[in-house]
Amino acid sequence: MPTFSVPINLPGNLDTSGVAGFFGGDEAISAMATVHLYRGRRWLGWYNSPGSYTVAKKFGQLANSRFWDGLFPGPNLTPAEAFGLDGKSGPRYWGVFSGTDMPTGHLAYLVVQKTKEVEEVVEVEGRETTPLSVTVVTVDDVELKHSDQAPMMSIHHALLATIPIICSLATCALSAGSGDWLAFGLIMLGVISSGTSCFVIGSARLEFASVKEPAPGTPPADGLLIMRNDVVIVRGAEKDVNPITKGKFVLKMDGGPEFRRIGLGSLLLLAQFLLQLLFIPQATTFGQIMFITSLAPSWAYNSFLSSLEQEKIQVDILWKALDNPRVSKFGLKSRAAQAVFVCLVLSDGVQRPSVDFKPKKVLQCFISNDTRVWDTWREKVAKELENNQTEKSFKLSPSDLQGFRDDERVLLESLLRDAHNAYKGYQEHVYRIRDDDHSLTEKQVHRPDQVQCDV
């Protein structure tokens, strides 16, 4: 067995060893956050990863007790929040048939991000003021229930971890072969602490949390996700839309609420940082080179995982769980046209005239201006949308325009042309929206009389 001596040198190169704990910390955190998203990822963390101190301080905050709070101070987030799987606020949701008016959470935020990715935008011609959009998301008969496990991404990206794993083991072997057992031990310590932490953290189960069972007879959940300029229309039964509007990701971890195993794993990473900081300068020059060499592919792999955009991965998982809903996006050129187009989409399949669907309330939701021109516009548009006539006329008779000033008449006629253009565009592209299986009847729809909708 080869022998070696450890010279006690001045710590002139301590800064170099300190890089192991701090360098690549953000990339390591982003890589660790993907451990629940890729199949088999938790088994492939056995490499000497940089950034151990940063990772320990970040995820050590999950451990919840006086001891762990003192060691890893900071907010005690839920596991889903700590890994970026929850915590984002979604837009306001208004169910036009159920009357639900509520803020949404992380999954609705992901749906909005998905609609922003849609490149094929159907432009509806008309007078242009502000570019706006209406995106229709149709969710059909989803078999997604409360506490169902979220689907995971392919193992292909996770298998790339074999590269840093092989490099870490090879540098261990080369350090041992050269007789530098100190460098061997410190690299192996990094392999063990990183692999153990990845396995412990990755043992959590990613699930959906939503309404367990909608009440029998619940009306359709067709409604709006309302943003400043854009609107997302979600269409589907209550059970299908609930995961979007009321659902969230949940990480089921054993040992809660203290999560002692997470604390011990973070403590091991902290010990790795301290030991490598103190003893790597005492290794031979060749051993130090092997140590830095083991970190390089690990940093590259962590950087690759962090470049995959965790939100994009979450969107793909959500879309897969929702059985790939159909998405159609339309570009409107004015707020008035947008409001009329939304009314037409929501009223598709609803018998007219309807006591349950009130176009005027939807128009009021988009444009709440309390002036004579806008009141007249809403009355005329709502009247046309509620009748059963095939051809709709958005023109006012001379008697209807009596009492208006010239400038008011010009504005009103311009707004009615916007409504006509929206109706014409809807007629041209209705085939992109309509689904024969998605239709409403008067008996299915029960709408409360009072809905407050101020945008």
# chains A, B, ... in the order shown; residues from 1 in each chain; ligands from 1

$ residues_around --residues "segment 99-113 of chain A" --least-positions-apart "4" --cutoff "7 Å" --atoms "only C-alpha atoms" --output "ChimeraX atom specification"
/A:86-95,117,244-248,315,447-448,451

$ closest_atom_pairs --of "segment 120-170 of chain A" --to "segment 411-433 of chain A" --cutoff "8 Å" --atoms "only C-alpha atoms" --output "Markdown table"
| residue | atom | partner | partner_atom | distance |
| --- | --- | --- | --- | --- |
| A:Val124 | CA | A:Gly425 | CA | 5.3 |
| A:Glu125 | CA | A:Asn421 | CA | 6.6 |
| A:Gly126 | CA | A:Asn421 | CA | 5.7 |
| A:Arg127 | CA | A:Asp418 | CA | 6.7 |
| A:Val136 | CA | A:Ile433 | CA | 7.2 |

$ write_last_selection --atoms "N, CA and C atoms" --output "PDB file, in the first residue's frame"
ATOM      1  N   VAL A 124     -57.786  38.531 -36.488  1.00  0.00           N
ATOM      2  CA  VAL A 124     -59.138  38.973 -36.827  1.00  0.00           C
ATOM      3  C   VAL A 124     -59.035  40.419 -37.289  1.00  0.00           C
ATOM      4  N   GLU A 125     -59.453  40.668 -38.508  1.00  0.00           N
ATOM      5  CA  GLU A 125     -59.302  41.987 -39.093  1.00  0.00           C
ATOM      6  C   GLU A 125     -60.198  43.019 -38.408  1.00  0.00           C
ATOM      7  N   GLY A 126     -59.771  44.272 -38.444  1.00  0.00           N
ATOM      8  CA  GLY A 126     -60.569  45.341 -37.863  1.00  0.00           C
ATOM      9  C   GLY A 126     -59.714  46.552 -37.548  1.00  0.00           C
ATOM     10  N   ARG A 127     -60.360  47.548 -36.977  1.00  0.00           N
ATOM     11  CA  ARG A 127     -59.672  48.784 -36.585  1.00  0.00           C
ATOM     12  C   ARG A 127     -58.673  48.475 -35.475  1.00  0.00           C
ATOM     13  N   VAL A 136     -58.261  30.152 -26.612  1.00  0.00           N
ATOM     14  CA  VAL A 136     -59.292  29.205 -26.194  1.00  0.00           C
ATOM     15  C   VAL A 136     -58.621  27.873 -25.871  1.00  0.00           C
TER      16      VAL A 136
END

$ residues_around --residues "segment 169-180 of chain A" --least-positions-apart "5" --cutoff "8 Å" --atoms "only C-alpha atoms" --output "list in words"
Pro2, Thr3, Phe4, Tyr47, Gly185, Ile187, Met188, Ala283, Thr284, Phe286, Gly287, Met290, Phe291, Thr293 and Ser294 of chain A

$ residues_around --residues "Asp141 of chain A" --least-positions-apart "4" --cutoff "9 Å" --atoms "only C-alpha atoms" --output "mmCIF file with N, CA, C and O atoms, in the first residue's frame"
data_model
loop_
_atom_site.group_PDB
_atom_site.id
_atom_site.type_symbol
_atom_site.label_atom_id
_atom_site.label_comp_id
_atom_site.auth_asym_id
_atom_site.auth_seq_id
_atom_site.Cartn_x
_atom_site.Cartn_y
_atom_site.Cartn_z
ATOM 1 N N GLY A 236 -64.802 23.481 -20.454
ATOM 2 C CA GLY A 236 -64.850 22.092 -20.026
ATOM 3 C C GLY A 236 -65.744 21.923 -18.819
ATOM 4 O O GLY A 236 -66.240 22.892 -18.234
ATOM 5 N N ALA A 237 -65.955 20.668 -18.434
ATOM 6 C CA ALA A 237 -66.744 20.364 -17.245
ATOM 7 C C ALA A 237 -65.997 20.805 -15.992
ATOM 8 O O ALA A 237 -64.780 21.020 -16.013
ATOM 9 N N LYS A 239 -65.107 19.190 -13.345
ATOM 10 C CA LYS A 239 -64.041 18.275 -12.920
ATOM 11 C C LYS A 239 -62.792 18.415 -13.789
ATOM 12 O O LYS A 239 -61.677 18.128 -13.335
ATOM 13 N N ASP A 240 -62.977 18.853 -15.043
ATOM 14 C CA ASP A 240 -61.847 18.990 -15.952
ATOM 15 C C ASP A 240 -61.124 20.319 -15.791
ATOM 16 O O ASP A 240 -59.911 20.401 -16.002
ATOM 17 N N LEU A 322 -53.321 16.730 -18.424
ATOM 18 C CA LEU A 322 -54.626 17.187 -18.912
ATOM 19 C C LEU A 322 -54.969 16.597 -20.279
ATOM 20 O O LEU A 322 -55.953 17.011 -20.903
ATOM 21 N N ASP A 323 -54.172 15.628 -20.724
ATOM 22 C CA ASP A 323 -54.422 14.932 -21.991
ATOM 23 C C ASP A 323 -54.355 15.887 -23.184
ATOM 24 O O ASP A 323 -55.174 15.829 -24.096
#

$ select_by_dssp --residues "segment 160-297 of chain A" --states "strand (DSSP E or B)" --output "PDB file with N, CA and C atoms, in the first residue's frame"
ATOM      1  N   ARG A 205     -42.804  12.407  -3.703  1.00  0.00           N
ATOM      2  CA  ARG A 205     -43.739  12.069  -4.785  1.00  0.00           C
ATOM      3  C   ARG A 205     -44.472  13.338  -5.218  1.00  0.00           C
ATOM      4  N   LEU A 206     -44.379  13.660  -6.497  1.00  0.00           N
ATOM      5  CA  LEU A 206     -45.045  14.840  -7.043  1.00  0.00           C
ATOM      6  C   LEU A 206     -46.486  14.482  -7.401  1.00  0.00           C
ATOM      7  N   GLU A 207     -47.438  15.190  -6.768  1.00  0.00           N
ATOM      8  CA  GLU A 207     -48.853  14.897  -6.970  1.00  0.00           C
ATOM      9  C   GLU A 207     -49.612  16.172  -7.314  1.00  0.00           C
ATOM     10  N   PHE A 208     -50.838  15.963  -7.792  1.00  0.00           N
ATOM     11  CA  PHE A 208     -51.778  17.061  -7.992  1.00  0.00           C
ATOM     12  C   PHE A 208     -52.722  17.129  -6.793  1.00  0.00           C
ATOM     13  N   ALA A 209     -53.018  18.320  -6.364  1.00  0.00           N
ATOM     14  CA  ALA A 209     -54.042  18.536  -5.333  1.00  0.00           C
ATOM     15  C   ALA A 209     -55.126  19.409  -5.941  1.00  0.00           C
ATOM     16  N   GLY A 223     -65.031  29.540 -18.475  1.00  0.00           N
ATOM     17  CA  GLY A 223     -64.770  30.832 -17.842  1.00  0.00           C
ATOM     18  C   GLY A 223     -63.545  31.497 -18.411  1.00  0.00           C
ATOM     19  N   LEU A 224     -63.166  32.581 -17.774  1.00  0.00           N
ATOM     20  CA  LEU A 224     -62.098  33.440 -18.264  1.00  0.00           C
ATOM     21  C   LEU A 224     -60.962  33.530 -17.262  1.00  0.00           C
ATOM     22  N   LEU A 225     -59.741  33.446 -17.780  1.00  0.00           N
ATOM     23  CA  LEU A 225     -58.546  33.842 -17.038  1.00  0.00           C
ATOM     24  C   LEU A 225     -58.171  35.222 -17.570  1.00  0.00           C
ATOM     25  N   ILE A 226     -58.391  36.232 -16.744  1.00  0.00           N
ATOM     26  CA  ILE A 226     -58.343  37.621 -17.212  1.00  0.00           C
ATOM     27  C   ILE A 226     -57.023  38.268 -16.826  1.00  0.00           C
ATOM     28  N   ASP A 230     -54.587  40.344 -22.377  1.00  0.00           N
ATOM     29  CA  ASP A 230     -54.934  39.056 -22.971  1.00  0.00           C
ATOM     30  C   ASP A 230     -55.950  38.317 -22.104  1.00  0.00           C
ATOM     31  N   VAL A 231     -56.685  37.428 -22.755  1.00  0.00           N
ATOM     32  CA  VAL A 231     -57.703  36.637 -22.076  1.00  0.00           C
ATOM     33  C   VAL A 231     -57.554  35.184 -22.507  1.00  0.00           C
ATOM     34  N   VAL A 232     -57.633  34.275 -21.538  1.00  0.00           N
ATOM     35  CA  VAL A 232     -57.655  32.848 -21.826  1.00  0.00           C
ATOM     36  C   VAL A 232     -59.034  32.314 -21.462  1.00  0.00           C
ATOM     37  N   ILE A 233     -59.702  31.705 -22.425  1.00  0.00           N
ATOM     38  CA  ILE A 233     -60.998  31.076 -22.180  1.00  0.00           C
ATOM     39  C   ILE A 233     -60.758  29.594 -21.950  1.00  0.00           C
ATOM     40  N   VAL A 234     -61.135  29.092 -20.782  1.00  0.00           N
ATOM     41  CA  VAL A 234     -61.045  27.659 -20.504  1.00  0.00           C
ATOM     42  C   VAL A 234     -62.446  27.076 -20.629  1.00  0.00           C
ATOM     43  N   ARG A 235     -62.564  25.980 -21.359  1.00  0.00           N
ATOM     44  CA  ARG A 235     -63.856  25.358 -21.616  1.00  0.00           C
ATOM     45  C   ARG A 235     -63.799  23.904 -21.192  1.00  0.00           C
ATOM     46  N   LYS A 248     -53.078  22.481  -7.646  1.00  0.00           N
ATOM     47  CA  LYS A 248     -51.680  22.853  -7.441  1.00  0.00           C
ATOM     48  C   LYS A 248     -50.827  21.594  -7.377  1.00  0.00           C
ATOM     49  N   PHE A 249     -49.516  21.765  -7.528  1.00  0.00           N
ATOM     50  CA  PHE A 249     -48.568  20.682  -7.325  1.00  0.00           C
ATOM     51  C   PHE A 249     -48.294  20.540  -5.830  1.00  0.00           C
ATOM     52  N   VAL A 250     -48.152  19.295  -5.393  1.00  0.00           N
ATOM     53  CA  VAL A 250     -47.800  19.012  -4.002  1.00  0.00           C
ATOM     54  C   VAL A 250     -46.687  17.974  -4.000  1.00  0.00           C
ATOM     55  N   LEU A 251     -45.665  18.213  -3.176  1.00  0.00           N
ATOM     56  CA  LEU A 251     -44.603  17.228  -2.991  1.00  0.00           C
ATOM     57  C   LEU A 251     -44.847  16.467  -1.697  1.00  0.00           C
ATOM     58  N   LYS A 252     -45.125  15.187  -1.819  1.00  0.00           N
ATOM     59  CA  LYS A 252     -45.366  14.345  -0.647  1.00  0.00           C
ATOM     60  C   LYS A 252     -44.037  13.779  -0.166  1.00  0.00           C
TER      61      LYS A 252
END

$ residues_around --residues "segment 379-393 of chain A" --least-positions-apart "2" --cutoff "9 Å" --atoms "only C-alpha atoms" --output "VMD selection string"
chain A and resid 340 343 to 344 347 351 to 354 357 to 361 363 374 to 377 395 to 396 416 419 to 420 423

$ atom_distance --atom1 "atom CA of Leu308 of chain A" --atom2 "atom CA of Val200 of chain A"
22.6 Å

$ decode --residues "segment 165-213 of chain A" --atoms "C-alpha atoms" --output "tab-separated table (two decimals), in the first residue's frame"
chain	number	residue	atom	x	y	z
A	165	ILE	CA	-20.45	10.11	-12.38
A	166	ILE	CA	-17.78	8.35	-14.46
A	167	CYS	CA	-15.49	11.39	-14.26
A	168	SER	CA	-15.82	11.57	-10.46
A	169	LEU	CA	-15.07	7.86	-10.06
A	170	ALA	CA	-12.18	8.06	-12.53
A	171	THR	CA	-10.54	10.98	-10.69
A	172	CYS	CA	-10.99	9.03	-7.45
A	173	ALA	CA	-9.19	6.05	-8.97
A	174	LEU	CA	-6.39	8.21	-10.40
A	175	SER	CA	-5.90	9.98	-7.04
A	176	ALA	CA	-5.69	6.64	-5.27
A	177	GLY	CA	-3.31	5.28	-7.92
A	178	SER	CA	-0.99	8.23	-7.44
A	179	GLY	CA	-0.96	7.65	-3.70
A	180	ASP	CA	-2.96	10.77	-2.81
A	181	TRP	CA	-5.56	9.21	-0.54
A	182	LEU	CA	-6.56	12.60	0.83
A	183	ALA	CA	-7.74	13.79	-2.59
A	184	PHE	CA	-9.38	10.38	-3.09
A	185	GLY	CA	-11.31	10.70	0.18
A	186	LEU	CA	-12.45	14.28	-0.46
A	187	ILE	CA	-13.71	13.50	-3.97
A	188	MET	CA	-15.49	10.40	-2.66
A	189	LEU	CA	-17.01	12.49	0.13
A	190	GLY	CA	-18.48	14.81	-2.52
A	191	VAL	CA	-19.85	11.82	-4.44
A	192	ILE	CA	-21.49	10.32	-1.35
A	193	SER	CA	-22.96	13.56	0.02
A	194	SER	CA	-24.33	14.65	-3.36
A	195	GLY	CA	-25.78	11.23	-4.17
A	196	THR	CA	-27.32	10.82	-0.72
A	197	SER	CA	-28.94	14.26	-0.80
A	198	CYS	CA	-30.26	13.70	-4.32
A	199	PHE	CA	-31.78	10.35	-3.32
A	200	VAL	CA	-33.37	11.69	-0.12
A	201	ILE	CA	-34.82	14.78	-1.79
A	202	GLY	CA	-35.84	12.86	-4.91
A	203	SER	CA	-37.79	10.31	-2.88
A	204	ALA	CA	-40.68	12.78	-2.63
A	205	ARG	CA	-43.74	12.07	-4.79
A	206	LEU	CA	-45.04	14.84	-7.04
A	207	GLU	CA	-48.85	14.90	-6.97
A	208	PHE	CA	-51.78	17.06	-7.99
A	209	ALA	CA	-54.04	18.54	-5.33
A	210	SER	CA	-57.48	19.70	-6.41
A	211	VAL	CA	-61.17	19.47	-5.51
A	212	LYS	CA	-61.78	15.83	-4.63
A	213	GLU	CA	-65.24	15.56	-6.17
